[in-house]
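What follows is a single structure, written as structure tokens, with notes after it.
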Amino acid sequence: MDLTFNERESAFRDELRAWLASNPPAPQPSEGGEDAHYGWRRDWQRRLYDAGWAAPAWPAEYGGRGASLTESAIYFEELGRARVPLPANVLGLLLGGPTLMVWGTDEQKERYLAPILSAEEIWCQGFSEPDAGSDLASLKTRAVKDGDQWMVTGQKVWTSGAQYSKWCMLVARTDGDVPKHKGLTYFLMDMEQDAVQVRPLRQITGEAEFNELFIEQARIPEENVVGGVGNGWKVALTTLMNERAGLGFLLQVRLRQLLDDTLALAREKGLVENPLYADALADMHIRCESIRLLAWKGLTDIERYGQPGPEGSLVKWLWSDTNQRLTSLAAEIVGPAALIDGTSGDGTSWSYELLRARGNTIEGGTTEVLKNIVAERVLGLPRLKAVI
């Protein structure tokens with residue numbers, strides 16, 4: 001694993017850094033609530049798109065720059081360094097588009113990829129269900145063939161950004177007579193139909209970042225099947241592996257920012273000389289560096305084997321735990337003000353960060369499931385058998 005940049009990679013970094021410095025996003029809206037904030041991110045993605053920076057890792061034929069994996073990592077690090085918002089259609093850019101590039105037909109690629117890139121059409125991910133969260137293969141949402149269409153009925157939950165989405169990456173059961181992993185099909189479901197009801201889930205932070213989907217006889221045309229009927233498990237794994245591989249760099253950059261903010265707070269309060277705080281901050285530094293290096297190793301493995309590996313689960317697991325520890329430490333340093341507003345000089349809301357971190361060990365795969373993946377697929381340990 002070589003962490004030095006060659007001439008091309010350095011030029012890529014310098015070009016992006018210069019563009020971000022010359023093209024800052026508009027000020028974040030102070031009114032209008034979540035809808036205004038989302039619109040702000042959507043406008044920012046369109047600016048990135050117009051400049052060719054919405055998804056540089058996408059092949060040039062699909063509107064990207066054909067950036068290498070290292071350049072893609074640089075891209076996310078520079079977005080974090082500039083403290084600009086993530087594009088609004090992040091699920092389409094990181095998950096939907098790359099999945100279609102692997103499994104989609106030529107017609108699907110032509111129809112869907114460009115609107116993903118421009119944020120004209122927003123995408124969400126319909127995987128988790130009330131009784132099938134991390135155990136995707138246990139889902140109960142059912143699709144039944146009706147002529148040249150599929151009729152879908154079921155419920156999804158924890159669907160990020162569904163209230164703004166045009167398309168949903170939906171996995172449903174199409175065959176109940178085969179082993180559960182083999183009876184699934186991956187669909188692209190149009191969210192703009194009466195048969196799909198979106199109900200926001202209000203979180204402890206006050207946001208409705210996630211949603212429930214209630215699907216009652218929604219229609220999906222045959223041409224919206226991705227990867228073939230009954231092949232949904234393999235297609236979904238491609239989505240999930242891209243999720244955790246892409247998340248690695250996004251998460252570690254944000255974590256580093258929060259640690260830097262916490263260190264600045266500790267210096268302001270004269271706590272860096274306190275052995276207890278010094279040890280805690282040093283531990284956070286080591287954890288952040290470990291996660292950063294694991295994220296880079298994940299890219300090296302993709303270059304070596306051609307696809308993301310299970311190690312992405314380790315990055316997400318360690319980040320979840322570390323972010324919860326870090327936000328708790330920051331709140332302790334800030335003191336009672338962290339629970340009132342706790343906003344630092346650079347705009348970090350410690351009350352928000354502390355509350356939002358509570359969900360880290362659940363979203364994107366629970367820590368318990370990720371530990372099993374690491375144990376079985378990284379360490380090669382035997383599967384745990386239930387004792388009755």
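Residues in the structure tokens are numbered from 1 in each chain, the chains being A, B, ... in the order shown, and ligands are numbered from 1 in the order shown.
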
List the neighbours of Gln28 of chain A out to 9 Å using only C-alpha atoms; skip same-chain residues closer than 4 positions along the sequence, and give me the result as JSON, numbers by chain.
{"A": [36, 37, 40, 41]}

I need the residues from that last selection saved to file as a PDB file, in the first residue's frame (with C-alpha atoms), if you can.
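What ended up in selection_19.pdb:
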ATOM      1  CA  ALA A  36     -34.387  24.210   2.261  1.00  0.00           C
ATOM      2  CA  HIS A  37     -31.258  22.428   3.468  1.00  0.00           C
ATOM      3  CA  TRP A  40     -29.111  23.728  -0.894  1.00  0.00           C
ATOM      4  CA  ARG A  41     -27.279  20.409  -1.244  1.00  0.00           C
TER       5      ARG A  41
END

May I have all residues of segment 4-215 of chain A that DSSP, computed from the backbone, assigns to strand (DSSP E or B), given as a CSV table (one decimal) with all heavy atoms, in the first residue's frame?
chain,number,residue,atom,x,y,z
A,123,TRP,N,-32.2,9.3,-5.7
A,123,TRP,CA,-32.4,7.9,-5.5
A,123,TRP,C,-32.4,7.6,-4.0
A,123,TRP,O,-31.7,8.3,-3.2
A,123,TRP,CB,-31.3,7.1,-6.1
A,123,TRP,CG,-31.5,6.9,-7.6
A,123,TRP,CD1,-31.9,7.9,-8.5
A,123,TRP,CD2,-31.4,5.7,-8.4
A,123,TRP,NE1,-32.0,7.4,-9.8
A,123,TRP,CE2,-31.7,6.1,-9.7
A,123,TRP,CE3,-31.0,4.4,-8.1
A,123,TRP,CZ2,-31.6,5.1,-10.8
A,123,TRP,CZ3,-30.9,3.5,-9.1
A,123,TRP,CH2,-31.2,3.9,-10.4
A,124,CYS,N,-33.1,6.6,-3.6
A,124,CYS,CA,-33.1,6.1,-2.2
A,124,CYS,C,-32.9,4.5,-2.3
A,124,CYS,O,-33.0,3.9,-3.3
A,124,CYS,CB,-34.3,6.4,-1.4
A,124,CYS,SG,-35.9,5.8,-2.0
A,125,GLN,N,-32.7,3.9,-1.1
A,125,GLN,CA,-32.4,2.5,-1.0
A,125,GLN,C,-33.4,1.8,-0.2
A,125,GLN,O,-33.5,2.0,1.0
A,125,GLN,CB,-31.0,2.3,-0.4
A,125,GLN,CG,-30.5,0.9,-0.3
A,125,GLN,CD,-29.1,0.9,0.4
A,125,GLN,OE1,-28.5,1.9,0.8
A,125,GLN,NE2,-28.6,-0.3,0.6
A,126,GLY,N,-34.2,0.9,-0.8
A,126,GLY,CA,-35.3,0.2,-0.1
A,126,GLY,C,-34.9,-1.2,0.2
A,126,GLY,O,-35.3,-2.2,-0.5
A,129,GLU,N,-36.3,-3.7,6.4
A,129,GLU,CA,-37.7,-3.8,6.7
A,129,GLU,C,-37.8,-3.9,8.2
A,129,GLU,O,-36.8,-4.2,8.9
A,129,GLU,CB,-38.3,-5.1,6.0
A,129,GLU,CG,-38.2,-5.0,4.5
A,129,GLU,CD,-39.0,-6.1,3.9
A,129,GLU,OE1,-39.6,-7.0,4.6
A,129,GLU,OE2,-39.0,-6.2,2.6
A,132,ALA,N,-36.5,-7.3,9.1
A,132,ALA,CA,-35.4,-7.7,8.3
A,132,ALA,C,-34.5,-6.5,8.0
A,132,ALA,O,-34.4,-6.0,6.9
A,132,ALA,CB,-35.8,-8.3,6.9
A,142,ARG,N,-43.1,-8.5,-1.2
A,142,ARG,CA,-43.3,-9.5,-2.2
A,142,ARG,C,-43.6,-8.8,-3.5
A,142,ARG,O,-44.4,-7.8,-3.6
A,142,ARG,CB,-44.4,-10.4,-1.8
A,142,ARG,CG,-44.6,-11.6,-2.8
A,142,ARG,CD,-45.5,-12.6,-2.1
A,142,ARG,NE,-44.9,-13.3,-1.0
A,142,ARG,CZ,-44.0,-14.3,-1.1
A,142,ARG,NH1,-43.7,-14.8,-2.3
A,142,ARG,NH2,-43.5,-14.8,0.0
A,143,ALA,N,-43.1,-9.3,-4.6
A,143,ALA,CA,-43.4,-8.9,-6.0
A,143,ALA,C,-44.0,-10.1,-6.8
A,143,ALA,O,-43.4,-11.1,-6.8
A,143,ALA,CB,-42.2,-8.4,-6.7
A,144,VAL,N,-45.2,-9.8,-7.4
A,144,VAL,CA,-45.9,-10.8,-8.1
A,144,VAL,C,-46.0,-10.4,-9.6
A,144,VAL,O,-46.4,-9.2,-9.9
A,144,VAL,CB,-47.3,-11.1,-7.5
A,144,VAL,CG1,-48.0,-12.2,-8.4
A,144,VAL,CG2,-47.1,-11.6,-6.1
A,145,LYS,N,-45.7,-11.3,-10.5
A,145,LYS,CA,-45.7,-10.9,-11.9
A,145,LYS,C,-47.2,-10.7,-12.4
A,145,LYS,O,-48.0,-11.5,-12.1
A,145,LYS,CB,-45.0,-12.0,-12.8
A,145,LYS,CG,-44.8,-11.6,-14.2
A,145,LYS,CD,-43.7,-10.6,-14.3
A,145,LYS,CE,-43.4,-10.1,-15.7
A,145,LYS,NZ,-42.9,-11.3,-16.5
A,146,ASP,N,-47.4,-9.7,-13.1
A,146,ASP,CA,-48.8,-9.4,-13.7
A,146,ASP,C,-48.6,-8.9,-15.1
A,146,ASP,O,-48.4,-7.7,-15.3
A,146,ASP,CB,-49.5,-8.3,-12.8
A,146,ASP,CG,-50.9,-8.0,-13.3
A,146,ASP,OD1,-51.4,-8.9,-14.0
A,146,ASP,OD2,-51.4,-6.9,-13.0
A,149,GLN,N,-45.6,-6.4,-16.0
A,149,GLN,CA,-45.3,-5.6,-14.9
A,149,GLN,C,-45.2,-6.5,-13.6
A,149,GLN,O,-45.6,-7.7,-13.6
A,149,GLN,CB,-46.4,-4.6,-14.6
A,149,GLN,CG,-46.4,-3.5,-15.7
A,149,GLN,CD,-47.4,-2.4,-15.4
A,149,GLN,OE1,-48.5,-2.6,-14.8
A,149,GLN,NE2,-47.0,-1.2,-15.7
A,150,TRP,N,-44.7,-5.9,-12.6
A,150,TRP,CA,-44.6,-6.6,-11.3
A,150,TRP,C,-45.5,-5.8,-10.3
A,150,TRP,O,-45.4,-4.5,-10.3
A,150,TRP,CB,-43.2,-6.7,-10.7
A,150,TRP,CG,-42.3,-7.7,-11.5
A,150,TRP,CD1,-41.6,-7.4,-12.7
A,150,TRP,CD2,-42.1,-9.0,-11.2
A,150,TRP,NE1,-41.0,-8.5,-13.1
A,150,TRP,CE2,-41.2,-9.5,-12.2
A,150,TRP,CE3,-42.5,-9.9,-10.2
A,150,TRP,CZ2,-40.8,-10.9,-12.2
A,150,TRP,CZ3,-42.1,-11.2,-10.2
A,150,TRP,CH2,-41.2,-11.7,-11.2
A,151,MET,N,-46.3,-6.5,-9.5
A,151,MET,CA,-47.1,-5.8,-8.4
A,151,MET,C,-46.4,-6.0,-7.1
A,151,MET,O,-46.1,-7.2,-6.7
A,151,MET,CB,-48.5,-6.4,-8.4
A,151,MET,CG,-49.2,-6.3,-9.7
A,151,MET,SD,-49.7,-4.6,-10.1
A,151,MET,CE,-51.0,-4.4,-8.9
A,152,VAL,N,-46.0,-5.0,-6.4
A,152,VAL,CA,-45.2,-5.0,-5.2
A,152,VAL,C,-46.0,-4.6,-4.0
A,152,VAL,O,-46.6,-3.5,-4.1
A,152,VAL,CB,-43.9,-4.2,-5.3
A,152,VAL,CG1,-43.0,-4.3,-4.1
A,152,VAL,CG2,-43.1,-4.6,-6.6
A,153,THR,N,-45.9,-5.4,-2.9
A,153,THR,CA,-46.6,-5.0,-1.7
A,153,THR,C,-45.7,-5.3,-0.5
A,153,THR,O,-45.0,-6.4,-0.5
A,153,THR,CB,-47.9,-5.8,-1.5
A,153,THR,OG1,-48.8,-5.5,-2.6
A,153,THR,CG2,-48.6,-5.5,-0.2
A,154,GLY,N,-45.5,-4.4,0.4
A,154,GLY,CA,-44.7,-4.6,1.6
A,154,GLY,C,-44.4,-3.3,2.3
A,154,GLY,O,-45.0,-2.3,2.0
A,155,GLN,N,-43.4,-3.4,3.1
A,155,GLN,CA,-43.0,-2.2,3.9
A,155,GLN,C,-41.5,-2.1,4.0
A,155,GLN,O,-40.8,-3.2,4.2
A,155,GLN,CB,-43.6,-2.3,5.3
A,155,GLN,CG,-43.3,-1.1,6.2
A,155,GLN,CD,-43.9,-1.2,7.6
A,155,GLN,OE1,-44.6,-2.1,7.9
A,155,GLN,NE2,-43.5,-0.3,8.5
A,156,LYS,N,-40.9,-0.9,3.9
A,156,LYS,CA,-39.5,-0.7,4.1
A,156,LYS,C,-39.3,0.4,5.2
A,156,LYS,O,-40.2,1.2,5.4
A,156,LYS,CB,-38.8,-0.2,2.8
A,156,LYS,CG,-38.9,-1.2,1.6
A,156,LYS,CD,-38.1,-2.4,1.9
A,156,LYS,CE,-38.1,-3.4,0.7
A,156,LYS,NZ,-37.2,-4.6,0.9
A,167,TRP,N,-36.5,7.6,-7.5
A,167,TRP,CA,-36.3,6.2,-7.7
A,167,TRP,C,-35.9,5.5,-6.4
A,167,TRP,O,-35.1,6.1,-5.7
A,167,TRP,CB,-35.3,5.9,-8.8
A,167,TRP,CG,-35.8,6.4,-10.2
A,167,TRP,CD1,-35.4,7.5,-10.8
A,167,TRP,CD2,-36.8,5.8,-11.0
A,167,TRP,NE1,-36.1,7.7,-12.0
A,167,TRP,CE2,-37.0,6.6,-12.1
A,167,TRP,CE3,-37.6,4.7,-10.9
A,167,TRP,CZ2,-37.9,6.3,-13.1
A,167,TRP,CZ3,-38.5,4.4,-11.9
A,167,TRP,CH2,-38.6,5.2,-13.0
A,168,CYS,N,-36.3,4.3,-6.3
A,168,CYS,CA,-35.9,3.5,-5.1
A,168,CYS,C,-35.2,2.2,-5.6
A,168,CYS,O,-35.8,1.4,-6.4
A,168,CYS,CB,-37.1,3.1,-4.2
A,168,CYS,SG,-36.7,2.1,-2.8
A,169,MET,N,-34.0,1.9,-5.1
A,169,MET,CA,-33.4,0.6,-5.3
A,169,MET,C,-34.1,-0.4,-4.4
A,169,MET,O,-33.8,-0.5,-3.2
A,169,MET,CB,-31.9,0.7,-5.0
A,169,MET,CG,-31.1,1.7,-5.8
A,169,MET,SD,-29.4,2.0,-5.1
A,169,MET,CE,-29.7,3.3,-4.0
A,170,LEU,N,-35.0,-1.2,-4.9
A,170,LEU,CA,-35.9,-2.0,-4.1
A,170,LEU,C,-35.5,-3.5,-4.3
A,170,LEU,O,-35.5,-4.0,-5.4
A,170,LEU,CB,-37.3,-1.7,-4.5
A,170,LEU,CG,-38.4,-2.5,-3.6
A,170,LEU,CD1,-38.7,-1.7,-2.4
A,170,LEU,CD2,-39.6,-2.8,-4.5
A,171,VAL,N,-35.4,-4.2,-3.2
A,171,VAL,CA,-35.2,-5.7,-3.2
A,171,VAL,C,-36.5,-6.3,-2.7
A,171,VAL,O,-37.0,-5.9,-1.6
A,171,VAL,CB,-34.0,-6.1,-2.4
A,171,VAL,CG1,-33.9,-7.6,-2.5
A,171,VAL,CG2,-32.7,-5.4,-2.9
A,172,ALA,N,-37.1,-7.2,-3.5
A,172,ALA,CA,-38.4,-7.8,-3.1
A,172,ALA,C,-38.3,-9.3,-3.3
A,172,ALA,O,-37.5,-9.8,-4.2
A,172,ALA,CB,-39.5,-7.2,-3.8
A,173,ARG,N,-39.1,-10.1,-2.7
A,173,ARG,CA,-39.2,-11.5,-2.8
A,173,ARG,C,-40.1,-11.9,-4.0
A,173,ARG,O,-41.2,-11.5,-4.0
A,173,ARG,CB,-39.6,-12.2,-1.6
A,173,ARG,CG,-39.5,-13.8,-1.6
A,173,ARG,CD,-39.6,-14.4,-0.2
A,173,ARG,NE,-38.6,-13.9,0.7
A,173,ARG,CZ,-37.3,-14.2,0.7
A,173,ARG,NH1,-36.9,-15.0,-0.2
A,173,ARG,NH2,-36.5,-13.6,1.6
A,184,LEU,N,-34.9,-13.6,-4.4
A,184,LEU,CA,-35.0,-12.1,-4.4
A,184,LEU,C,-34.7,-11.5,-5.7
A,184,LEU,O,-33.9,-12.1,-6.5
A,184,LEU,CB,-34.0,-11.6,-3.4
A,184,LEU,CG,-34.1,-12.1,-1.9
A,184,LEU,CD1,-33.0,-11.5,-1.1
A,184,LEU,CD2,-35.4,-11.8,-1.3
A,185,THR,N,-35.3,-10.4,-6.0
A,185,THR,CA,-35.1,-9.7,-7.3
A,185,THR,C,-34.9,-8.2,-6.9
A,185,THR,O,-35.5,-7.6,-6.0
A,185,THR,CB,-36.3,-9.9,-8.2
A,185,THR,OG1,-36.4,-11.3,-8.5
A,185,THR,CG2,-36.1,-9.1,-9.5
A,186,TYR,N,-34.0,-7.6,-7.7
A,186,TYR,CA,-33.7,-6.1,-7.5
A,186,TYR,C,-34.4,-5.3,-8.5
A,186,TYR,O,-34.3,-5.5,-9.7
A,186,TYR,CB,-32.2,-6.0,-7.7
A,186,TYR,CG,-31.5,-4.8,-7.2
A,186,TYR,CD1,-30.6,-4.8,-6.1
A,186,TYR,CD2,-31.6,-3.6,-7.9
A,186,TYR,CE1,-29.9,-3.7,-5.7
A,186,TYR,CE2,-30.9,-2.4,-7.5
A,186,TYR,CZ,-30.1,-2.5,-6.4
A,186,TYR,OH,-29.4,-1.4,-6.0
A,187,PHE,N,-35.2,-4.3,-8.0
A,187,PHE,CA,-36.0,-3.5,-8.9
A,187,PHE,C,-35.6,-2.0,-8.8
A,187,PHE,O,-35.1,-1.6,-7.8
A,187,PHE,CB,-37.5,-3.6,-8.5
A,187,PHE,CG,-38.1,-5.0,-8.7
A,187,PHE,CD1,-38.2,-5.9,-7.6
A,187,PHE,CD2,-38.6,-5.4,-9.9
A,187,PHE,CE1,-38.8,-7.1,-7.7
A,187,PHE,CE2,-39.2,-6.6,-10.0
A,187,PHE,CZ,-39.3,-7.5,-9.0
A,188,LEU,N,-36.0,-1.3,-9.8
A,188,LEU,CA,-36.0,0.2,-9.7
A,188,LEU,C,-37.5,0.6,-9.6
A,188,LEU,O,-38.2,0.5,-10.6
A,188,LEU,CB,-35.3,0.8,-10.9
A,188,LEU,CG,-33.9,0.4,-11.2
A,188,LEU,CD1,-33.3,1.1,-12.4
A,188,LEU,CD2,-33.0,0.6,-9.9
A,189,MET,N,-37.9,1.1,-8.5
A,189,MET,CA,-39.3,1.5,-8.3
A,189,MET,C,-39.5,3.0,-8.3
A,189,MET,O,-38.8,3.7,-7.7
A,189,MET,CB,-39.8,0.9,-6.9
A,189,MET,CG,-41.2,1.2,-6.6
A,189,MET,SD,-41.8,0.6,-5.0
A,189,MET,CE,-41.0,1.7,-3.9
A,190,ASP,N,-40.5,3.4,-9.1
A,190,ASP,CA,-40.8,4.8,-9.2
A,190,ASP,C,-41.6,5.2,-8.0
A,190,ASP,O,-42.6,4.6,-7.6
A,190,ASP,CB,-41.8,5.0,-10.4
A,190,ASP,CG,-42.0,6.4,-10.8
A,190,ASP,OD1,-41.7,7.3,-9.9
A,190,ASP,OD2,-42.5,6.7,-11.8
A,196,VAL,N,-47.2,4.1,-3.3
A,196,VAL,CA,-46.1,4.2,-2.4
A,196,VAL,C,-46.3,5.4,-1.5
A,196,VAL,O,-46.4,6.6,-1.9
A,196,VAL,CB,-44.8,4.4,-3.2
A,196,VAL,CG1,-43.6,4.6,-2.3
A,196,VAL,CG2,-44.6,3.3,-4.2
A,197,GLN,N,-46.4,5.1,-0.2
A,197,GLN,CA,-46.6,6.2,0.8
A,197,GLN,C,-45.3,6.3,1.6
A,197,GLN,O,-44.7,5.3,2.1
A,197,GLN,CB,-47.7,5.8,1.7
A,197,GLN,CG,-49.1,5.7,1.0
A,197,GLN,CD,-49.5,7.0,0.4
A,197,GLN,OE1,-49.4,8.1,1.0
A,197,GLN,NE2,-50.0,7.0,-0.9
A,198,VAL,N,-44.8,7.6,1.8
A,198,VAL,CA,-43.6,7.9,2.5
A,198,VAL,C,-44.0,8.5,3.8
A,198,VAL,O,-44.7,9.6,3.8
A,198,VAL,CB,-42.7,8.8,1.7
A,198,VAL,CG1,-41.4,9.1,2.5
A,198,VAL,CG2,-42.3,8.1,0.4
A,199,ARG,N,-43.6,8.0,4.9
A,199,ARG,CA,-43.8,8.6,6.3
A,199,ARG,C,-42.5,8.8,7.0
A,199,ARG,O,-41.8,7.9,7.3
A,199,ARG,CB,-44.7,7.6,7.1
A,199,ARG,CG,-46.1,7.3,6.5
A,199,ARG,CD,-46.9,6.5,7.4
A,199,ARG,NE,-48.2,6.1,6.7
A,199,ARG,CZ,-49.1,5.2,7.2
A,199,ARG,NH1,-48.9,4.8,8.5
A,199,ARG,NH2,-50.1,4.9,6.5
A,200,PRO,N,-42.2,10.1,7.2
A,200,PRO,CA,-40.9,10.5,7.8
A,200,PRO,C,-40.8,9.9,9.2
A,200,PRO,O,-41.9,9.8,9.9
A,200,PRO,CB,-40.9,12.0,7.8
A,200,PRO,CG,-41.8,12.3,6.7
A,200,PRO,CD,-42.9,11.3,6.7
A,201,LEU,N,-39.6,9.6,9.7
A,201,LEU,CA,-39.4,9.2,11.0
A,201,LEU,C,-38.6,10.3,11.7
A,201,LEU,O,-37.4,10.5,11.4
A,201,LEU,CB,-38.6,7.8,11.1
A,201,LEU,CG,-39.3,6.6,10.5
A,201,LEU,CD1,-38.3,5.5,10.3
A,201,LEU,CD2,-40.4,6.2,11.5
A,210,PHE,N,-34.7,9.7,8.0
A,210,PHE,CA,-35.1,8.4,7.5
A,210,PHE,C,-36.7,8.4,7.4
A,210,PHE,O,-37.4,9.3,7.9
A,210,PHE,CB,-34.7,7.3,8.5
A,210,PHE,CG,-33.3,7.4,8.9
A,210,PHE,CD1,-32.9,7.7,10.2
A,210,PHE,CD2,-32.3,7.0,8.0
A,210,PHE,CE1,-31.6,7.8,10.6
A,210,PHE,CE2,-31.0,7.1,8.4
A,210,PHE,CZ,-30.6,7.4,9.6
A,211,ASN,N,-37.1,7.4,6.7
A,211,ASN,CA,-38.6,7.3,6.4
A,211,ASN,C,-39.0,5.8,6.5
A,211,ASN,O,-38.2,4.9,6.3
A,211,ASN,CB,-38.9,7.8,5.0
A,211,ASN,CG,-38.5,9.3,4.9
A,211,ASN,OD1,-39.2,10.2,5.1
A,211,ASN,ND2,-37.2,9.5,4.4
A,212,GLU,N,-40.3,5.6,6.6
A,212,GLU,CA,-40.9,4.3,6.4
A,212,GLU,C,-41.6,4.4,5.0
A,212,GLU,O,-42.1,5.4,4.6
A,212,GLU,CB,-42.0,4.1,7.4
A,212,GLU,CG,-41.5,3.7,8.8
A,212,GLU,CD,-42.7,3.5,9.8
A,212,GLU,OE1,-43.3,4.4,10.1
A,212,GLU,OE2,-42.9,2.3,10.1
A,213,LEU,N,-41.6,3.3,4.3
A,213,LEU,CA,-42.3,3.2,3.0
A,213,LEU,C,-43.4,2.1,3.2
A,213,LEU,O,-43.1,1.0,3.6
A,213,LEU,CB,-41.3,2.8,1.9
A,213,LEU,CG,-40.1,3.6,1.5
A,213,LEU,CD1,-39.4,3.1,0.3
A,213,LEU,CD2,-40.6,5.1,1.3
A,214,PHE,N,-44.6,2.5,2.8
A,214,PHE,CA,-45.7,1.6,2.8
A,214,PHE,C,-46.1,1.4,1.3
A,214,PHE,O,-46.5,2.3,0.6
A,214,PHE,CB,-46.9,2.1,3.6
A,214,PHE,CG,-46.5,2.2,5.1
A,214,PHE,CD1,-46.0,3.3,5.6
A,214,PHE,CD2,-46.8,1.1,5.9
A,214,PHE,CE1,-45.7,3.4,7.0
A,214,PHE,CE2,-46.5,1.2,7.3
A,214,PHE,CZ,-45.9,2.3,7.8
A,215,ILE,N,-45.9,0.2,0.8
A,215,ILE,CA,-46.1,-0.1,-0.6
A,215,ILE,C,-47.3,-1.1,-0.8
A,215,ILE,O,-47.3,-2.2,-0.2
A,215,ILE,CB,-44.8,-0.8,-1.2
A,215,ILE,CG1,-43.6,0.1,-0.8
A,215,ILE,CG2,-44.9,-1.0,-2.6
A,215,ILE,CD1,-42.3,-0.7,-1.0

Which residue gives the smallest distance to Ala60 of chain A among A:Ala114, A:Ile286, A:Leu318, A:Leu48, with only C-alpha atoms counted?
A:Ala114

Which polymer residues have any atom within 12 Å of an atom of Val90 of chain A, counting only C-alpha atoms, with same-chain residues fewer than 6 positions away left out, as a list of chain:residue names?
A:Tyr38, A:Arg41, A:Arg42, A:Trp44, A:Gln45, A:Ala54, A:Ala55, A:Phe76, A:Gly96, A:Gly97, A:Pro98, A:Ile116, A:Leu117, A:Ser118, A:Ala119, A:Glu121, A:Ile122, A:Trp123, A:Cys124, A:Gln125, A:Ser160, A:Gly161, A:Ser165, A:Asn242, A:Glu243, A:Gly246, A:Leu247, A:Leu250

Looking at only C-alpha atoms, which of A:Glu78, A:Glu71, A:Asp35, A:Asp50 is the one that sits closest to Leu299 of chain A?
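With only C-alpha atoms as the atom set, the closest residue is A:Glu71.
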
The residue from A:Asn23, A:Ser138, A:Thr327, A:Asn372 with the smallest atom-to-atom distance to Ala357 of chain A, counting only C-alpha atoms, is A:Thr327

Which of segment 15-110 of chain A fall in alpha helix (DSSP H), as JSON, numbers by chain:
{"A": [15, 16, 17, 18, 19, 20, 21, 22, 33, 34, 35, 36, 37, 38, 39, 40, 41, 42, 43, 44, 45, 46, 47, 48, 49, 50, 69, 70, 71, 72, 73, 74, 75, 76, 77, 78, 79, 80, 81, 82, 90, 91, 97, 98, 99, 100, 101, 102, 103, 106, 107, 108, 109, 110]}

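Restricting the calculation to only C-alpha atoms, the smallest distance between Gly270 of chain A and any of A:Ser349, A:Val334, A:Leu100, A:Glu34 is found for A:Val334.
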